[in-house]
Amino acid sequence: MSKPAAQVAPPAPKSSNLALWILIALLAIGLAGAGAFWFLQGRGGDAQAAGKPEPAAAQPARYYALEPAFVVNLADTTSVRYLQADVQVMTRDEATGAALELHTPAIRNRLLLLFGQQTAAQLAQRSAKERLQQQALAEVRGVLKAEHAPDKVEAVFFTSLVTQ
């Protein structure tokens with residue numbers, strides 16, 4: 001009794017399952033890498049990619065009073081009028097603060113000349129006072145640039161401004 005020899009097909013190779021697992025693992029690794037790249041880009045990766053250093057924590061503001069108070073004759077032609085102003089300069093840079101102290105006489109000179117060009121009518125308006133602040137800031141930076149000193153001055157403040 002011989003049974004016909006039935007050819008038993010060997011089981012299908014498991015390579016298709018193995019290939020599927022390899023494909024899933026590669027996909028997971030790729031997604032993890034893409035997620036890490038996206039996460040790092042959102043956290044300042046653009047600044048690093050452009051070669052820019054990340055900004056340091058903001059330094060506290062430092063105020064330098066230009067003392068004594070400025071007292072100048074105004075440019076009014078009809079009568080003698082005066083301006084008295086207390087001025088402070090703000091910076092966050094220590095080197096700029098040292099330069100402000102070193103070049104105070106030149107800065108005071110330029111500001112005295114600027115203040116003396118004003119009239120009482122001009123200074124009666126807030127916009128004119130704000131414009132004068134911006135001009136004073138430009139004068140301070142101009143002195144520091146001319147002296148090849150750090151000029152990271154952020155603002156000029158009038159802590160007192162009286163016309164008479």
# chains A, B, ... in the order shown; residues from 1 in each chain; ligands from 1
$ residues_around --residues "A:Glu101" --least-positions-apart "3" --cutoff "10 Å" --atoms "only C-alpha atoms" --output "JSON, numbers by chain"
{"A": [64, 65, 66, 96, 97, 98, 104, 105, 107]}
$ residues_around --residues "A:Lys129" --least-positions-apart "5" --cutoff "12 Å" --atoms "only C-alpha atoms" --output "list in words"
Ala85, Phe115, Gln118, Thr119, Ala120, Ala121, Gln122, Leu123, Ala124, Gln134, Gln135, Ala136, Val156, Phe157, Phe158, Ser160, Leu161, Val162 and Thr163 of chain A
$ closest_residue --among "A:Asn73, A:Gln59, A:Ser79, A:Gln164" --to "A:Leu113" --atoms "only C-alpha atoms"
A:Asn73
$ residues_around --residues "A:Glu94" --least-positions-apart "6" --cutoff "10 Å" --atoms "only C-alpha atoms" --output "PyMOL selection string"
chain A and resi 59+61-62+100+150+152
$ atom_distance --atom1 "atom CA of A:Thr159" --atom2 "atom CA of A:Leu83"
13.3 Å
$ closest_residue --among "A:Trp21, A:Tyr63, A:Phe39, A:Phe70" --to "A:Thr91" --atoms "only C-alpha atoms"
A:Tyr63
$ residues_around --residues "A:His103" --least-positions-apart "4" --cutoff "9 Å" --atoms "only C-alpha atoms" --output "number ranges by chain"
A: 98-99, 107-108, 143-144, 147
